[in-house]
Protein chains: 4
Amino acid sequence: MAGIKNFSLPIRIYFEDTDSGGIVYHANYLKFMERARTEWLRSIQIDQRLLKQKEHVMFVVHRMDIQYKLPARFNDELLVKTELVEIGSSKIVFKQMIYRHDEMLIDAVVNIACIDSEKFKPVRVPKTIKHTMESL
Amino acid sequence: MAGIKNFSLPIRIYFEDTDSGGIVYHANYLKFMERARTEWLRSIQIDQRLLKQKEHVMFVVHRMDIQYKLPARFNDELLVKTELVEIGSSKIVFKQMIYRHDEMLIDAVVNIACIDSEKFKPVRVPKTIKHTMESL
Amino acid sequence: MAGIKNFSLPIRIYFEDTDSGGIVYHANYLKFMERARTEWLRSIQIDQRLLKQKEHVMFVVHRMDIQYKLPARFNDELLVKTELVEIGSSKIVFKQMIYRHDEMLIDAVVNIACIDSEKFKPVRVPKTIKHTMESL
Amino acid sequence: MAGIKNFSLPIRIYFEDTDSGGIVYHANYLKFMERARTEWLRSIQIDQRLLKQKEHVMFVVHRMDIQYKLPARFNDELLVKTELVEIGSSKIVFKQMIYRHDEMLIDAVVNIACIDSEKFKPVRVPKTIKHTMESL
């Protein structure tokens, strides 16, 4: 789980994640993918609290294309695989897939925008962040 | 639903509220009770955004004693009954009950603290707020 | 809000919906869109509980392409607009948009699959459901 | 973290857990405490899926008295401490506390009922489960 372009985060499914259909509620996979992006940022020493306080920027989801291939259930142990695909001037693109052993449950492309944390307008990814990501 | 000491808010149960046990996930009733307190504040013309921006105070849950008597399920229509019990110098106490028709599902006593929105320390309930609540 | 191909559901934003970035957490818009699809089904007299119990089918999200255009905040009142785009043999496609007055915040295309509620495999949309939807 | 009467589970705070007040949304601590009870059960080899399928019982929260002492924030790493206090014929009582280093944030007493998973009525805790817990 070092700071690399491919990153894996294990996730355990609890009751809070499921719904009365007996499977994981579809919106909750987005939470798992965000936990993975947060841990990936942490793994490359990017602290989102400092980013907001000092640089006044936040990363937010701008677009997501997500395919639900198979459902997860209570007690399942999943693996969220995160791959950095592209770094633009004000956006970052990830491919994220969620697996249960060798079965792919979720396949998503996630566009992240860098925004001003007060005005909520797109801004450039801070240089040091961009360099850190490009050098992975 | 006027600005009175007793206030009722209808809540519909969606898939997001349930878990794989087939019933509403226990933490979600706390959300329903907060929606009801928020709507009660709105009904007596208290705007929590202005309260934070201008008076730098927030209301937060300080203690809750909650009894789960019967479970709710997908598609149920519930009624959250909220009763103002006590207004102290820096706290407000509510009794909140959740009903499905004449069955009581939830019975709770909720202690709300008034805190400074930056330092997160207890402060006095602003006078105008206290007066508004006492005059109900 | 009658049983038509275009359906609007108002949504109020509570604290539960927001995150510490000061805006609505991105996964929560998926909940709002599902509430709207559920209310749309209810408006055309389709009861998802009976559907599961009697026909052993459930509707689940199969794919979603969602664009986040502007953020919503605490206390906002939004409108979820839902439009039935296509009814296939085992899938239904919706266009869903979320507005705050005349600003579009969310623009999504949602593919719903009809699945067996025990085996979680795709099955045909029950005829009566399909006819009801096609006759709107 | 072996199968003992005192059990600790680390929890990381993500954006999903916070609200626009800048702190963890109060209902979410209940999720953290349930994750801890689930992991405690797992640590003593009790599988809640089998419990439901074979014994037709579920554990549900029956009553909770929770004190919110200090707020947690984004990125905090917390520790949920869970202590088995009492095993009755159809209920189990836990004391659960949430810490950030040496600061206690949450102090709760949680009453769990054992119920029939179809009728949602209280039933006796299965003997093998009771013995396992009493022998810790």
# chains A, B, ... in the order shown; residues from 1 in each chain; ligands from 1
call {"tool": "interface_residues", "arguments": {"of": "chain A", "to": "chain B", "cutoff": "9 Å", "atoms": "only C-alpha atoms", "output": "list in words"}}
result
Phe15, Glu16, Asp17, Thr18, Asp19, Ser20, Gly21, Gly22, Ile23, Val24, Tyr25, His26, Ala27, Arg73 and Phe74 of chain A
call {"tool": "calpha_fit_and_write", "arguments": {"fixed": "chain C", "moving": "chain D", "output": "compact mmCIF listing (two decimals) with N, CA and C atoms, in the first residue's frame"}}
result
# COMPACT_ATOMS: atom_id res chain seq x y z
N MET D 1 -47.62 15.93 -9.62
CA MET D 1 -46.85 14.73 -9.34
C MET D 1 -47.63 13.47 -9.68
N ALA D 2 -48.47 13.55 -10.70
CA ALA D 2 -49.28 12.37 -11.09
C ALA D 2 -48.40 11.35 -11.79
N GLY D 3 -48.96 10.23 -12.14
CA GLY D 3 -48.19 9.14 -12.75
C GLY D 3 -47.87 9.42 -14.20
N ILE D 4 -46.86 10.20 -14.43
CA ILE D 4 -46.50 10.58 -15.78
C ILE D 4 -45.04 10.29 -16.04
N LYS D 5 -44.61 10.58 -17.25
CA LYS D 5 -43.22 10.27 -17.60
C LYS D 5 -42.24 11.26 -17.00
N ASN D 6 -42.73 12.42 -16.61
CA ASN D 6 -41.88 13.40 -15.94
C ASN D 6 -42.41 13.61 -14.54
N PHE D 7 -41.51 13.53 -13.59
CA PHE D 7 -41.91 13.50 -12.20
C PHE D 7 -40.95 14.38 -11.39
N SER D 8 -41.48 15.20 -10.47
CA SER D 8 -40.62 16.07 -9.66
C SER D 8 -40.81 15.79 -8.17
N LEU D 9 -39.72 15.66 -7.45
CA LEU D 9 -39.80 15.45 -6.00
C LEU D 9 -38.95 16.51 -5.29
N PRO D 10 -39.56 17.27 -4.38
CA PRO D 10 -38.77 18.22 -3.59
C PRO D 10 -38.00 17.51 -2.48
N ILE D 11 -36.79 17.97 -2.23
CA ILE D 11 -35.90 17.40 -1.20
C ILE D 11 -35.33 18.55 -0.38
N ARG D 12 -35.39 18.42 0.94
CA ARG D 12 -34.78 19.41 1.82
C ARG D 12 -33.42 18.87 2.28
N ILE D 13 -32.40 19.70 2.33
CA ILE D 13 -31.07 19.28 2.78
C ILE D 13 -30.93 19.46 4.29
N TYR D 14 -30.62 18.35 4.98
CA TYR D 14 -30.39 18.38 6.42
C TYR D 14 -28.91 18.17 6.73
N PHE D 15 -28.52 18.34 8.00
CA PHE D 15 -27.11 18.14 8.38
C PHE D 15 -26.58 16.78 7.95
N GLU D 16 -27.40 15.74 8.09
CA GLU D 16 -26.99 14.39 7.72
C GLU D 16 -26.49 14.29 6.27
N ASP D 17 -26.93 15.20 5.41
CA ASP D 17 -26.61 15.15 3.98
C ASP D 17 -25.29 15.83 3.63
N THR D 18 -24.81 16.67 4.54
CA THR D 18 -23.63 17.51 4.26
C THR D 18 -22.35 16.85 4.78
N ASP D 19 -21.20 17.40 4.38
CA ASP D 19 -19.94 16.95 4.99
C ASP D 19 -19.12 18.16 5.40
N SER D 20 -17.94 17.91 5.96
CA SER D 20 -17.17 19.01 6.54
C SER D 20 -16.58 19.93 5.48
N GLY D 21 -16.74 19.60 4.21
CA GLY D 21 -16.39 20.54 3.15
C GLY D 21 -17.42 21.67 3.05
N GLY D 22 -18.54 21.51 3.78
CA GLY D 22 -19.57 22.55 3.80
C GLY D 22 -20.65 22.35 2.74
N ILE D 23 -20.56 21.24 2.01
CA ILE D 23 -21.52 20.97 0.94
C ILE D 23 -22.09 19.56 1.08
N VAL D 24 -23.09 19.24 0.25
CA VAL D 24 -23.70 17.91 0.31
C VAL D 24 -22.68 16.86 -0.13
N TYR D 25 -22.55 15.80 0.65
CA TYR D 25 -21.62 14.70 0.35
C TYR D 25 -22.07 14.03 -0.94
N HIS D 26 -21.14 13.81 -1.86
CA HIS D 26 -21.50 13.41 -3.24
C HIS D 26 -22.35 12.15 -3.34
N ALA D 27 -22.14 11.18 -2.44
CA ALA D 27 -22.91 9.94 -2.54
C ALA D 27 -24.39 10.16 -2.21
N ASN D 28 -24.69 11.23 -1.46
CA ASN D 28 -26.06 11.42 -1.00
C ASN D 28 -27.05 11.83 -2.09
N TYR D 29 -26.54 12.39 -3.19
CA TYR D 29 -27.44 12.71 -4.31
C TYR D 29 -28.05 11.43 -4.88
N LEU D 30 -27.31 10.31 -4.76
CA LEU D 30 -27.84 9.03 -5.25
C LEU D 30 -29.06 8.60 -4.42
N LYS D 31 -29.01 8.94 -3.13
CA LYS D 31 -30.17 8.66 -2.28
C LYS D 31 -31.38 9.49 -2.72
N PHE D 32 -31.13 10.76 -3.01
CA PHE D 32 -32.24 11.64 -3.41
C PHE D 32 -32.87 11.13 -4.71
N MET D 33 -32.00 10.65 -5.63
CA MET D 33 -32.54 10.15 -6.90
C MET D 33 -33.30 8.85 -6.70
N GLU D 34 -32.87 8.06 -5.73
CA GLU D 34 -33.64 6.84 -5.49
C GLU D 34 -34.98 7.14 -4.81
N ARG D 35 -34.97 8.10 -3.90
CA ARG D 35 -36.26 8.51 -3.31
C ARG D 35 -37.23 8.91 -4.43
N ALA D 36 -36.70 9.65 -5.42
CA ALA D 36 -37.54 10.14 -6.51
C ALA D 36 -38.06 8.98 -7.36
N ARG D 37 -37.21 7.98 -7.65
CA ARG D 37 -37.68 6.83 -8.43
C ARG D 37 -38.72 6.03 -7.65
N THR D 38 -38.50 5.92 -6.34
CA THR D 38 -39.47 5.21 -5.48
C THR D 38 -40.81 5.94 -5.47
N GLU D 39 -40.78 7.26 -5.37
CA GLU D 39 -42.04 8.02 -5.35
C GLU D 39 -42.71 8.01 -6.72
N TRP D 40 -41.91 7.96 -7.78
CA TRP D 40 -42.47 7.85 -9.12
C TRP D 40 -43.21 6.51 -9.27
N LEU D 41 -42.56 5.43 -8.82
CA LEU D 41 -43.21 4.10 -8.85
C LEU D 41 -44.50 4.12 -8.05
N ARG D 42 -44.44 4.74 -6.87
CA ARG D 42 -45.64 4.83 -6.03
C ARG D 42 -46.74 5.60 -6.76
N SER D 43 -46.35 6.64 -7.47
CA SER D 43 -47.34 7.49 -8.15
C SER D 43 -48.06 6.74 -9.28
N ILE D 44 -47.41 5.70 -9.81
CA ILE D 44 -48.09 4.90 -10.84
C ILE D 44 -48.54 3.54 -10.25
N GLN D 45 -48.73 3.54 -8.94
CA GLN D 45 -49.29 2.39 -8.21
C GLN D 45 -48.44 1.13 -8.29
N ILE D 46 -47.12 1.29 -8.34
CA ILE D 46 -46.25 0.11 -8.28
C ILE D 46 -45.65 0.04 -6.88
N ASP D 47 -45.96 -1.05 -6.17
CA ASP D 47 -45.54 -1.22 -4.78
C ASP D 47 -44.35 -2.18 -4.76
N GLN D 48 -43.17 -1.66 -4.44
CA GLN D 48 -41.95 -2.47 -4.49
C GLN D 48 -41.95 -3.61 -3.46
N ARG D 49 -42.71 -3.45 -2.39
CA ARG D 49 -42.78 -4.55 -1.42
C ARG D 49 -43.52 -5.74 -2.02
N LEU D 50 -44.67 -5.45 -2.66
CA LEU D 50 -45.44 -6.52 -3.30
C LEU D 50 -44.65 -7.15 -4.45
N LEU D 51 -43.94 -6.30 -5.17
CA LEU D 51 -43.13 -6.77 -6.30
C LEU D 51 -42.14 -7.83 -5.84
N LYS D 52 -41.55 -7.59 -4.68
CA LYS D 52 -40.57 -8.55 -4.16
C LYS D 52 -41.27 -9.80 -3.62
N GLN D 53 -42.34 -9.58 -2.84
CA GLN D 53 -43.03 -10.72 -2.22
C GLN D 53 -43.75 -11.60 -3.23
N LYS D 54 -44.41 -10.99 -4.22
CA LYS D 54 -45.25 -11.78 -5.13
C LYS D 54 -44.56 -12.13 -6.44
N GLU D 55 -43.79 -11.20 -6.97
CA GLU D 55 -43.16 -11.46 -8.28
C GLU D 55 -41.68 -11.84 -8.11
N HIS D 56 -41.16 -11.72 -6.89
CA HIS D 56 -39.75 -12.03 -6.60
C HIS D 56 -38.78 -11.26 -7.49
N VAL D 57 -39.13 -10.02 -7.78
CA VAL D 57 -38.20 -9.17 -8.52
C VAL D 57 -37.90 -7.88 -7.76
N MET D 58 -36.74 -7.33 -8.03
CA MET D 58 -36.33 -6.05 -7.45
C MET D 58 -35.73 -5.21 -8.58
N PHE D 59 -35.79 -3.90 -8.42
CA PHE D 59 -35.11 -3.00 -9.34
C PHE D 59 -33.82 -2.53 -8.67
N VAL D 60 -32.71 -2.68 -9.37
CA VAL D 60 -31.43 -2.22 -8.81
C VAL D 60 -30.70 -1.35 -9.85
N VAL D 61 -29.84 -0.45 -9.35
CA VAL D 61 -29.05 0.38 -10.27
C VAL D 61 -27.98 -0.50 -10.93
N HIS D 62 -27.91 -0.44 -12.25
CA HIS D 62 -26.96 -1.27 -12.99
C HIS D 62 -25.80 -0.40 -13.50
N ARG D 63 -26.12 0.82 -13.84
CA ARG D 63 -25.08 1.74 -14.30
C ARG D 63 -25.56 3.17 -14.09
N MET D 64 -24.64 4.05 -13.74
CA MET D 64 -25.01 5.45 -13.56
C MET D 64 -23.88 6.34 -14.07
N ASP D 65 -24.26 7.32 -14.88
CA ASP D 65 -23.29 8.33 -15.32
C ASP D 65 -23.79 9.64 -14.73
N ILE D 66 -23.04 10.15 -13.75
CA ILE D 66 -23.52 11.31 -12.99
C ILE D 66 -22.53 12.47 -13.05
N GLN D 67 -23.05 13.65 -13.39
CA GLN D 67 -22.23 14.87 -13.41
C GLN D 67 -22.65 15.78 -12.26
N TYR D 68 -21.64 16.21 -11.49
CA TYR D 68 -21.86 17.12 -10.38
C TYR D 68 -21.52 18.52 -10.87
N LYS D 69 -22.52 19.36 -11.10
CA LYS D 69 -22.28 20.67 -11.71
C LYS D 69 -22.11 21.79 -10.69
N LEU D 70 -22.93 21.77 -9.67
CA LEU D 70 -22.84 22.78 -8.62
C LEU D 70 -23.18 22.11 -7.30
N PRO D 71 -22.60 22.56 -6.19
CA PRO D 71 -22.87 21.91 -4.91
C PRO D 71 -24.11 22.46 -4.20
N ALA D 72 -24.81 21.59 -3.48
CA ALA D 72 -25.92 22.01 -2.61
C ALA D 72 -25.39 22.15 -1.20
N ARG D 73 -26.12 22.92 -0.37
CA ARG D 73 -25.68 23.16 1.01
C ARG D 73 -26.83 22.93 2.00
N PHE D 74 -26.45 22.93 3.27
CA PHE D 74 -27.44 22.79 4.34
C PHE D 74 -28.61 23.75 4.14
N ASN D 75 -29.80 23.22 4.32
CA ASN D 75 -31.05 24.00 4.29
C ASN D 75 -31.57 24.27 2.87
N ASP D 76 -30.79 23.95 1.85
CA ASP D 76 -31.28 24.14 0.48
C ASP D 76 -32.54 23.31 0.24
N GLU D 77 -33.40 23.82 -0.64
CA GLU D 77 -34.53 23.02 -1.07
C GLU D 77 -34.32 22.71 -2.55
N LEU D 78 -34.22 21.42 -2.84
CA LEU D 78 -33.90 20.98 -4.20
C LEU D 78 -35.12 20.33 -4.85
N LEU D 79 -35.04 20.16 -6.17
CA LEU D 79 -36.09 19.47 -6.90
C LEU D 79 -35.43 18.39 -7.75
N VAL D 80 -35.84 17.15 -7.53
CA VAL D 80 -35.30 16.05 -8.33
C VAL D 80 -36.27 15.78 -9.48
N LYS D 81 -35.81 15.99 -10.70
CA LYS D 81 -36.65 15.75 -11.87
C LYS D 81 -36.28 14.41 -12.49
N THR D 82 -37.27 13.59 -12.70
CA THR D 82 -37.06 12.22 -13.15
C THR D 82 -37.85 12.00 -14.44
N GLU D 83 -37.15 11.51 -15.45
CA GLU D 83 -37.80 11.30 -16.74
C GLU D 83 -37.53 9.88 -17.21
N LEU D 84 -38.58 9.16 -17.51
CA LEU D 84 -38.45 7.79 -18.02
C LEU D 84 -38.02 7.88 -19.48
N VAL D 85 -36.87 7.30 -19.82
CA VAL D 85 -36.30 7.43 -21.15
C VAL D 85 -36.54 6.19 -21.99
N GLU D 86 -36.42 5.01 -21.37
CA GLU D 86 -36.48 3.77 -22.14
C GLU D 86 -36.90 2.61 -21.26
N ILE D 87 -37.75 1.72 -21.81
CA ILE D 87 -38.09 0.48 -21.09
C ILE D 87 -37.67 -0.69 -21.97
N GLY D 88 -36.66 -1.43 -21.54
CA GLY D 88 -36.23 -2.61 -22.28
C GLY D 88 -36.87 -3.85 -21.69
N SER D 89 -36.42 -5.01 -22.12
CA SER D 89 -37.04 -6.23 -21.61
C SER D 89 -36.66 -6.47 -20.16
N SER D 90 -35.40 -6.14 -19.79
CA SER D 90 -35.03 -6.34 -18.39
C SER D 90 -34.37 -5.10 -17.79
N LYS D 91 -34.51 -3.96 -18.48
CA LYS D 91 -33.94 -2.74 -17.90
C LYS D 91 -34.81 -1.52 -18.16
N ILE D 92 -34.60 -0.50 -17.36
CA ILE D 92 -35.33 0.76 -17.46
C ILE D 92 -34.29 1.87 -17.36
N VAL D 93 -34.39 2.86 -18.25
CA VAL D 93 -33.43 3.96 -18.21
C VAL D 93 -34.13 5.26 -17.83
N PHE D 94 -33.54 5.95 -16.85
CA PHE D 94 -34.06 7.24 -16.43
C PHE D 94 -33.03 8.34 -16.68
N LYS D 95 -33.52 9.52 -16.96
CA LYS D 95 -32.69 10.72 -16.87
C LYS D 95 -33.14 11.43 -15.60
N GLN D 96 -32.18 11.77 -14.74
CA GLN D 96 -32.54 12.46 -13.50
C GLN D 96 -31.66 13.69 -13.34
N MET D 97 -32.31 14.79 -13.01
CA MET D 97 -31.59 16.05 -12.82
C MET D 97 -32.03 16.65 -11.49
N ILE D 98 -31.09 17.25 -10.80
CA ILE D 98 -31.43 17.90 -9.53
C ILE D 98 -31.20 19.40 -9.67
N TYR D 99 -32.24 20.14 -9.33
CA TYR D 99 -32.21 21.60 -9.46
C TYR D 99 -32.34 22.29 -8.10
N ARG D 100 -31.72 23.47 -8.01
CA ARG D 100 -32.03 24.43 -6.94
C ARG D 100 -32.54 25.65 -7.68
N HIS D 101 -33.84 25.90 -7.60
CA HIS D 101 -34.50 26.89 -8.44
C HIS D 101 -34.11 26.62 -9.90
N ASP D 102 -33.51 27.58 -10.60
CA ASP D 102 -33.20 27.33 -12.01
C ASP D 102 -31.76 26.87 -12.26
N GLU D 103 -31.02 26.59 -11.20
CA GLU D 103 -29.66 26.08 -11.37
C GLU D 103 -29.67 24.56 -11.37
N MET D 104 -29.05 23.96 -12.39
CA MET D 104 -28.93 22.50 -12.39
C MET D 104 -27.69 22.10 -11.60
N LEU D 105 -27.88 21.28 -10.56
CA LEU D 105 -26.75 20.84 -9.74
C LEU D 105 -26.23 19.49 -10.21
N ILE D 106 -27.15 18.62 -10.57
CA ILE D 106 -26.81 17.23 -10.91
C ILE D 106 -27.50 16.84 -12.21
N ASP D 107 -26.76 16.13 -13.06
CA ASP D 107 -27.30 15.65 -14.33
C ASP D 107 -26.87 14.19 -14.47
N ALA D 108 -27.84 13.27 -14.45
CA ALA D 108 -27.47 11.85 -14.41
C ALA D 108 -28.33 11.01 -15.35
N VAL D 109 -27.71 9.95 -15.87
CA VAL D 109 -28.44 8.91 -16.59
C VAL D 109 -28.31 7.64 -15.76
N VAL D 110 -29.45 7.04 -15.43
CA VAL D 110 -29.47 5.91 -14.51
C VAL D 110 -30.08 4.69 -15.19
N ASN D 111 -29.30 3.63 -15.29
CA ASN D 111 -29.80 2.36 -15.83
C ASN D 111 -30.22 1.45 -14.70
N ILE D 112 -31.47 1.04 -14.73
CA ILE D 112 -32.00 0.17 -13.69
C ILE D 112 -32.18 -1.22 -14.28
N ALA D 113 -31.72 -2.23 -13.55
CA ALA D 113 -31.94 -3.62 -13.99
C ALA D 113 -33.04 -4.24 -13.15
N CYS D 114 -33.81 -5.12 -13.78
CA CYS D 114 -34.81 -5.90 -13.06
C CYS D 114 -34.14 -7.24 -12.74
N ILE D 115 -34.06 -7.58 -11.45
CA ILE D 115 -33.38 -8.83 -11.07
C ILE D 115 -34.26 -9.71 -10.20
N ASP D 116 -33.93 -10.98 -10.20
CA ASP D 116 -34.57 -11.93 -9.29
C ASP D 116 -34.11 -11.59 -7.87
N SER D 117 -35.06 -11.47 -6.94
CA SER D 117 -34.71 -10.96 -5.61
C SER D 117 -34.01 -11.99 -4.73
N GLU D 118 -33.90 -13.23 -5.20
CA GLU D 118 -33.19 -14.26 -4.43
C GLU D 118 -31.84 -14.55 -5.07
N LYS D 119 -31.86 -14.72 -6.40
CA LYS D 119 -30.62 -15.12 -7.11
C LYS D 119 -29.83 -13.90 -7.59
N PHE D 120 -30.42 -12.72 -7.54
CA PHE D 120 -29.76 -11.50 -7.99
C PHE D 120 -29.30 -11.58 -9.45
N LYS D 121 -30.05 -12.30 -10.28
CA LYS D 121 -29.76 -12.40 -11.72
C LYS D 121 -30.80 -11.59 -12.49
N PRO D 122 -30.41 -11.03 -13.65
CA PRO D 122 -31.36 -10.25 -14.45
C PRO D 122 -32.55 -11.09 -14.90
N VAL D 123 -33.73 -10.52 -14.80
CA VAL D 123 -34.95 -11.18 -15.30
C VAL D 123 -35.79 -10.15 -16.05
N ARG D 124 -36.81 -10.61 -16.77
CA ARG D 124 -37.66 -9.70 -17.52
C ARG D 124 -38.48 -8.82 -16.56
N VAL D 125 -38.69 -7.59 -16.96
CA VAL D 125 -39.61 -6.71 -16.21
C VAL D 125 -41.00 -7.34 -16.31
N PRO D 126 -41.70 -7.57 -15.18
CA PRO D 126 -43.04 -8.19 -15.23
C PRO D 126 -43.94 -7.43 -16.21
N LYS D 127 -44.73 -8.19 -16.99
CA LYS D 127 -45.56 -7.61 -18.06
C LYS D 127 -46.45 -6.46 -17.60
N THR D 128 -47.09 -6.67 -16.46
CA THR D 128 -48.04 -5.63 -16.00
C THR D 128 -47.30 -4.32 -15.70
N ILE D 129 -46.09 -4.46 -15.17
CA ILE D 129 -45.27 -3.28 -14.87
C ILE D 129 -44.88 -2.58 -16.17
N LYS D 130 -44.44 -3.39 -17.12
CA LYS D 130 -43.99 -2.86 -18.41
C LYS D 130 -45.16 -2.11 -19.10
N HIS D 131 -46.35 -2.75 -19.08
CA HIS D 131 -47.52 -2.12 -19.69
C HIS D 131 -47.87 -0.81 -19.00
N THR D 132 -47.84 -0.84 -17.69
CA THR D 132 -48.15 0.38 -16.93
C THR D 132 -47.21 1.51 -17.35
N MET D 133 -45.92 1.19 -17.44
CA MET D 133 -44.94 2.23 -17.77
C MET D 133 -45.08 2.68 -19.22
N GLU D 134 -45.35 1.75 -20.14
CA GLU D 134 -45.45 2.11 -21.55
C GLU D 134 -46.70 2.94 -21.84
N SER D 135 -47.72 2.77 -20.99
CA SER D 135 -48.97 3.47 -21.26
C SER D 135 -49.01 4.86 -20.65
N LEU D 136 -47.92 5.28 -20.00
CA LEU D 136 -47.92 6.60 -19.34
C LEU D 136 -48.04 7.72 -20.36
call {"tool": "select_by_dssp", "arguments": {"residues": "range 9-39 of chain A", "states": "strand (DSSP E or B)", "output": "VMD selection string"}}
result
chain A and resid 9 to 12 18 24
call {"tool": "select_by_dssp", "arguments": {"residues": "range 6-128 of chain D", "states": "helix (DSSP H, G or I)", "output": "PyMOL selection string"}}
result
chain D and resi 15-17+28-43+48-55+127-128
call {"tool": "write_last_selection", "arguments": {"atoms": "C-alpha atoms", "output": "short mmCIF file (atom, residue, chain, number, x, y, z; two decimals), in the first residue's frame"}}
result
data_model
loop_
_atom_site.label_atom_id
_atom_site.label_comp_id
_atom_site.auth_asym_id
_atom_site.auth_seq_id
_atom_site.Cartn_x
_atom_site.Cartn_y
_atom_site.Cartn_z
CA PHE D 15 -15.70 12.83 4.80
CA GLU D 16 -18.81 10.61 4.80
CA ASP D 17 -18.77 10.70 8.63
CA ASN D 28 -22.50 8.08 12.89
CA TYR D 29 -20.94 7.15 16.24
CA LEU D 30 -23.69 4.51 16.48
CA LYS D 31 -22.32 2.98 13.29
CA PHE D 32 -18.81 2.87 14.75
CA MET D 33 -20.12 1.15 17.88
CA GLU D 34 -21.96 -1.40 15.81
CA ARG D 35 -18.86 -2.12 13.73
CA ALA D 36 -17.09 -2.76 17.05
CA ARG D 37 -19.79 -5.13 18.33
CA THR D 38 -19.74 -6.97 14.99
CA GLU D 39 -15.95 -7.35 15.13
CA TRP D 40 -16.16 -8.47 18.77
CA LEU D 41 -18.67 -11.18 17.77
CA ARG D 42 -16.37 -12.19 14.92
CA SER D 43 -13.42 -12.36 17.31
CA GLN D 48 -24.25 -13.24 12.44
CA ARG D 49 -25.12 -14.57 8.99
CA LEU D 50 -25.25 -18.16 10.24
CA LEU D 51 -27.10 -17.00 13.34
CA LYS D 52 -29.87 -15.62 11.15
CA GLN D 53 -29.93 -18.50 8.65
CA LYS D 54 -29.69 -21.39 11.11
CA GLU D 55 -30.98 -20.11 14.44
CA LYS D 127 -27.35 -21.51 24.50
CA THR D 128 -24.11 -21.95 22.61
#
call {"tool": "decode", "arguments": {"residues": "range 24-38 of chain C", "atoms": "N, CA and C atoms", "output": "PDB file, in the first residue's frame"}}
result
ATOM      1  N   VAL C  24     -23.088  19.236   0.262  1.00  0.00           N
ATOM      2  CA  VAL C  24     -23.694  17.899   0.308  1.00  0.00           C
ATOM      3  C   VAL C  24     -22.669  16.853  -0.130  1.00  0.00           C
ATOM      4  N   TYR C  25     -22.538  15.788   0.664  1.00  0.00           N
ATOM      5  CA  TYR C  25     -21.613  14.699   0.347  1.00  0.00           C
ATOM      6  C   TYR C  25     -22.062  14.018  -0.957  1.00  0.00           C
ATOM      7  N   HIS C  26     -21.118  13.805  -1.868  1.00  0.00           N
ATOM      8  CA  HIS C  26     -21.485  13.415  -3.236  1.00  0.00           C
ATOM      9  C   HIS C  26     -22.345  12.155  -3.335  1.00  0.00           C
ATOM     10  N   ALA C  27     -22.140  11.184  -2.443  1.00  0.00           N
ATOM     11  CA  ALA C  27     -22.913   9.941  -2.540  1.00  0.00           C
ATOM     12  C   ALA C  27     -24.388  10.158  -2.206  1.00  0.00           C
ATOM     13  N   ASN C  28     -24.681  11.232  -1.469  1.00  0.00           N
ATOM     14  CA  ASN C  28     -26.060  11.416  -0.999  1.00  0.00           C
ATOM     15  C   ASN C  28     -27.043  11.822  -2.093  1.00  0.00           C
ATOM     16  N   TYR C  29     -26.534  12.392  -3.194  1.00  0.00           N
ATOM     17  CA  TYR C  29     -27.438  12.703  -4.305  1.00  0.00           C
ATOM     18  C   TYR C  29     -28.042  11.422  -4.879  1.00  0.00           C
ATOM     19  N   LEU C  30     -27.299  10.308  -4.763  1.00  0.00           N
ATOM     20  CA  LEU C  30     -27.845   9.034  -5.256  1.00  0.00           C
ATOM     21  C   LEU C  30     -29.053   8.603  -4.428  1.00  0.00           C
ATOM     22  N   LYS C  31     -29.011   8.931  -3.124  1.00  0.00           N
ATOM     23  CA  LYS C  31     -30.176   8.648  -2.272  1.00  0.00           C
ATOM     24  C   LYS C  31     -31.378   9.487  -2.723  1.00  0.00           C
ATOM     25  N   PHE C  32     -31.126  10.764  -3.007  1.00  0.00           N
ATOM     26  CA  PHE C  32     -32.239  11.641  -3.409  1.00  0.00           C
ATOM     27  C   PHE C  32     -32.865  11.130  -4.711  1.00  0.00           C
ATOM     28  N   MET C  33     -32.003  10.662  -5.632  1.00  0.00           N
ATOM     29  CA  MET C  33     -32.526  10.170  -6.908  1.00  0.00           C
ATOM     30  C   MET C  33     -33.298   8.875  -6.702  1.00  0.00           C
ATOM     31  N   GLU C  34     -32.863   8.049  -5.734  1.00  0.00           N
ATOM     32  CA  GLU C  34     -33.649   6.841  -5.501  1.00  0.00           C
ATOM     33  C   GLU C  34     -34.981   7.144  -4.812  1.00  0.00           C
ATOM     34  N   ARG C  35     -34.980   8.122  -3.911  1.00  0.00           N
ATOM     35  CA  ARG C  35     -36.270   8.514  -3.326  1.00  0.00           C
ATOM     36  C   ARG C  35     -37.235   8.926  -4.437  1.00  0.00           C
ATOM     37  N   ALA C  36     -36.708   9.662  -5.418  1.00  0.00           N
ATOM     38  CA  ALA C  36     -37.553  10.148  -6.511  1.00  0.00           C
ATOM     39  C   ALA C  36     -38.065   8.983  -7.364  1.00  0.00           C
ATOM     40  N   ARG C  37     -37.209   7.984  -7.644  1.00  0.00           N
ATOM     41  CA  ARG C  37     -37.683   6.838  -8.437  1.00  0.00           C
ATOM     42  C   ARG C  37     -38.730   6.050  -7.653  1.00  0.00           C
ATOM     43  N   THR C  38     -38.511   5.916  -6.335  1.00  0.00           N
ATOM     44  CA  THR C  38     -39.475   5.213  -5.481  1.00  0.00           C
ATOM     45  C   THR C  38     -40.827   5.935  -5.480  1.00  0.00           C
TER      46      THR C  38
END
